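One structure below.
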Amino acid sequence: MTGAETLIRNYYDRFNAKDVDGFLALLSEDVVHDINQGGRETGNAAFRAFLERMNRSYDEQIVDIAVMVSGDGSRAAAEFTVLGKYLATDEGLPPAKGQTYRLPAGAFFEIRDGKVARITNYYNLEDWLRQVK
């Protein structure tokens with residue numbers, strides 16, 4: 001396993017463990033986060049705030065992870081399944097009632113100096129909406 005693949009697998013291991021500090025330690029201070037069908041946030045502090053919002057509304061585990069890495073290790077991609085439970089209503093979304101969902105998803109990474117410098121997440125929002133309505 002390459003250093004980049006290990007980094008990405010650690011990223012998801014820390015996410016699944018809800019180890020926010022350990023997770024953020026894998027990111028560069030100026031990490032760029034492209035939110036699925038949303039905006040772009042920059043910085044470790046912004047990512048922490050995003051995780052805190054997510055952890056209030058969702059309980060998620062990432063499974064069936066496949067990691068692909070570029071030859072020079074500067075970029076990576078992951079395809080996976082999100083197993084989730086919608087815990088508390090997220091602004092602008094349907095009411096939460098403990099609905100569960102199973103969602104195929106993916107992410108693209110830029111890696112710099114052994115840390116995640118950019119992450120772009122993607123999942124099908126319409127599929128998620130169908131599952132929680």
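If you're wondering about the labels, chains in the structure tokens are A, B, ... by order shown, residues count from 1 in each chain, ligands from 1 in order shown.
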
Determine which residues of chain A DSSP labels as strand (DSSP E or B) from the backbone of this structure, then write them out as a PyMOL selection string. chain A and resi 27-34+40-42+58-69+75-86+100-112+115-123

Applying 12 Å and only C-alpha atoms, which residues near Gly73 of chain A remain after dropping the ones on its own chain fewer than 6 positions away? List them as an MDAnalysis selection string. chainID A and resid 1:8 67 109:116

Would you mind exporting N, CA and C atoms of the selected residues as a PDB file, in the first residue's frame?
```
ATOM      1  N   MET A   1       0.851  -1.178   0.000  1.00  0.00           N
ATOM      2  CA  MET A   1       0.000   0.000   0.000  1.00  0.00           C
ATOM      3  C   MET A   1       0.897   1.241   0.000  1.00  0.00           C
ATOM      4  N   THR A   2       0.555   2.217  -0.846  1.00  0.00           N
ATOM      5  CA  THR A   2       1.351   3.431  -0.934  1.00  0.00           C
ATOM      6  C   THR A   2       1.029   4.367   0.227  1.00  0.00           C
ATOM      7  N   GLY A   3       1.860   5.385   0.412  1.00  0.00           N
ATOM      8  CA  GLY A   3       1.607   6.381   1.449  1.00  0.00           C
ATOM      9  C   GLY A   3       0.290   7.097   1.232  1.00  0.00           C
ATOM     10  N   ALA A   4      -0.021   7.405  -0.022  1.00  0.00           N
ATOM     11  CA  ALA A   4      -1.278   8.093  -0.333  1.00  0.00           C
ATOM     12  C   ALA A   4      -2.478   7.198  -0.022  1.00  0.00           C
ATOM     13  N   GLU A   5      -2.401   5.932  -0.376  1.00  0.00           N
ATOM     14  CA  GLU A   5      -3.517   5.033  -0.079  1.00  0.00           C
ATOM     15  C   GLU A   5      -3.691   4.881   1.425  1.00  0.00           C
ATOM     16  N   THR A   6      -2.588   4.761   2.150  1.00  0.00           N
ATOM     17  CA  THR A   6      -2.654   4.663   3.610  1.00  0.00           C
ATOM     18  C   THR A   6      -3.305   5.907   4.195  1.00  0.00           C
ATOM     19  N   LEU A   7      -2.930   7.088   3.692  1.00  0.00           N
ATOM     20  CA  LEU A   7      -3.522   8.346   4.159  1.00  0.00           C
ATOM     21  C   LEU A   7      -5.039   8.342   3.963  1.00  0.00           C
ATOM     22  N   ILE A   8      -5.498   7.955   2.787  1.00  0.00           N
ATOM     23  CA  ILE A   8      -6.932   7.970   2.502  1.00  0.00           C
ATOM     24  C   ILE A   8      -7.667   6.936   3.350  1.00  0.00           C
ATOM     25  N   VAL A  67      -9.844   2.503  -3.053  1.00  0.00           N
ATOM     26  CA  VAL A  67      -8.985   3.682  -3.175  1.00  0.00           C
ATOM     27  C   VAL A  67      -8.115   3.528  -4.414  1.00  0.00           C
ATOM     28  N   PHE A 109      -9.241  13.517  -4.032  1.00  0.00           N
ATOM     29  CA  PHE A 109      -8.297  14.113  -3.093  1.00  0.00           C
ATOM     30  C   PHE A 109      -7.079  14.670  -3.812  1.00  0.00           C
ATOM     31  N   GLU A 110      -6.566  15.769  -3.303  1.00  0.00           N
ATOM     32  CA  GLU A 110      -5.232  16.259  -3.643  1.00  0.00           C
ATOM     33  C   GLU A 110      -4.396  16.070  -2.394  1.00  0.00           C
ATOM     34  N   ILE A 111      -3.201  15.540  -2.570  1.00  0.00           N
ATOM     35  CA  ILE A 111      -2.329  15.242  -1.433  1.00  0.00           C
ATOM     36  C   ILE A 111      -1.055  16.071  -1.566  1.00  0.00           C
ATOM     37  N   ARG A 112      -0.713  16.744  -0.466  1.00  0.00           N
ATOM     38  CA  ARG A 112       0.489  17.571  -0.450  1.00  0.00           C
ATOM     39  C   ARG A 112       1.198  17.382   0.888  1.00  0.00           C
ATOM     40  N   ASP A 113       2.495  17.092   0.825  1.00  0.00           N
ATOM     41  CA  ASP A 113       3.306  16.918   2.038  1.00  0.00           C
ATOM     42  C   ASP A 113       2.701  15.895   3.003  1.00  0.00           C
ATOM     43  N   GLY A 114       2.143  14.817   2.434  1.00  0.00           N
ATOM     44  CA  GLY A 114       1.618  13.733   3.261  1.00  0.00           C
ATOM     45  C   GLY A 114       0.277  14.008   3.921  1.00  0.00           C
ATOM     46  N   LYS A 115      -0.381  15.095   3.505  1.00  0.00           N
ATOM     47  CA  LYS A 115      -1.685  15.437   4.086  1.00  0.00           C
ATOM     48  C   LYS A 115      -2.698  15.689   2.977  1.00  0.00           C
ATOM     49  N   VAL A 116      -3.961  15.596   3.318  1.00  0.00           N
ATOM     50  CA  VAL A 116      -5.028  15.906   2.370  1.00  0.00           C
ATOM     51  C   VAL A 116      -5.106  17.423   2.241  1.00  0.00           C
TER      52      VAL A 116
END
```

Find the residues around Gly106 of chain A up to 10 Å (only C-alpha atoms counted), leave out those fewer than 2 positions away in its own chain, and share them as a short mmCIF file (atom, residue, chain, number, x, y, z; two decimals) with C-alpha atoms, in the first residue's frame.
```cif
data_model
loop_
_atom_site.label_atom_id
_atom_site.label_comp_id
_atom_site.auth_asym_id
_atom_site.auth_seq_id
_atom_site.Cartn_x
_atom_site.Cartn_y
_atom_site.Cartn_z
CA ASN A 36 -21.32 17.93 -2.52
CA ILE A 65 -14.00 1.50 0.21
CA ALA A 66 -11.95 1.29 -2.99
CA VAL A 67 -8.98 3.68 -3.18
CA ALA A 77 -9.98 8.91 -5.45
CA ALA A 78 -12.21 6.73 -3.33
CA GLU A 79 -15.47 5.00 -4.13
CA PHE A 80 -17.53 3.77 -1.20
CA THR A 81 -20.94 3.23 0.33
CA VAL A 82 -22.35 5.49 3.03
CA LEU A 103 -25.81 5.70 -0.58
CA PRO A 104 -23.06 5.10 -3.15
CA PHE A 108 -11.40 13.07 -4.98
CA THR A 120 -14.23 16.94 -3.29
CA ASN A 121 -17.16 14.76 -2.24
CA TYR A 122 -19.94 13.49 -4.46
CA TYR A 123 -23.15 11.57 -3.89
CA ASN A 124 -26.54 11.65 -5.57
#
```

Give me, please, the distance in Å between atom CA of Lys18 of chain A and atom CA of Arg53 of chain A, quoted to one decimal.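 Between atom CA of Lys18 of chain A and atom CA of Arg53 of chain A the gap is 12.9 Å.
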
Any idea what the distance is between atom CA of His33 of chain A and atom CA of Ile119 of chain A?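 According to the coordinates, atom CA of His33 of chain A and atom CA of Ile119 of chain A are separated by 5.1 Å.
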
Just how far from atom CA of Arg75 of chain A is atom CA of Met54 of chain A, in Å to one decimal? 25.1 Å

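Nearest to Arg48 of chain A of all the residues A:Leu27, A:Val20, A:Val69, A:Ala88 is A:Val20, counting only C-alpha atoms.
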
If we count only C-alpha atoms, what is near Thr100 of chain A at a cut-off of 8 Å, once residues fewer than 5 positions away on the same chain are taken out, given as a PDB file with N, CA and C atoms, in the first residue's frame?
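And here is the file that came out, selection_15.pdb:
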```pdb
ATOM      1  N   LEU A  83     -23.386   4.266   4.845  1.00  0.00           N
ATOM      2  CA  LEU A  83     -24.497   3.715   5.615  1.00  0.00           C
ATOM      3  C   LEU A  83     -24.826   4.762   6.665  1.00  0.00           C
ATOM      4  N   GLY A  84     -26.038   5.294   6.619  1.00  0.00           N
ATOM      5  CA  GLY A  84     -26.328   6.407   7.509  1.00  0.00           C
ATOM      6  C   GLY A  84     -27.673   6.351   8.169  1.00  0.00           C
ATOM      7  N   LYS A  85     -27.784   7.226   9.178  1.00  0.00           N
ATOM      8  CA  LYS A  85     -29.040   7.446   9.883  1.00  0.00           C
ATOM      9  C   LYS A  85     -29.185   8.962  10.033  1.00  0.00           C
ATOM     10  N   TYR A  86     -30.332   9.466   9.653  1.00  0.00           N
ATOM     11  CA  TYR A  86     -30.639  10.888   9.689  1.00  0.00           C
ATOM     12  C   TYR A  86     -31.193  11.211  11.076  1.00  0.00           C
ATOM     13  N   GLN A 131     -34.644   8.359  -0.267  1.00  0.00           N
ATOM     14  CA  GLN A 131     -34.511   7.393   0.824  1.00  0.00           C
ATOM     15  C   GLN A 131     -34.996   7.930   2.165  1.00  0.00           C
ATOM     16  N   VAL A 132     -34.923   9.238   2.375  1.00  0.00           N
ATOM     17  CA  VAL A 132     -35.304   9.779   3.686  1.00  0.00           C
ATOM     18  C   VAL A 132     -36.708  10.374   3.723  1.00  0.00           C
TER      19      VAL A 132
END
```

For a quick check of understanding, using only C-alpha atoms, which of A:Gly43, A:Ala117, A:Lys133, A:Asp64 has the smallest distance to Lys97 of chain A?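 Among A:Gly43, A:Ala117, A:Lys133, A:Asp64, it is A:Lys133 that comes nearest to Lys97 of chain A.
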
Helix (DSSP H, G or I) call set, DSSP backbone run, segment 15-75 of chain A, as a count of residues only: 22

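Proximity ranking of A:Gln37, A:Thr42, A:Asn55, A:Gln99 relative to Leu125 of chain A places A:Gln37 first, based on only C-alpha atoms.
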
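Between Asp30 of chain A and the residues A:Val63, A:Leu87, A:Met68, A:Ala45, the shortest atom-to-atom distance, using only C-alpha atoms, involves A:Ala45.
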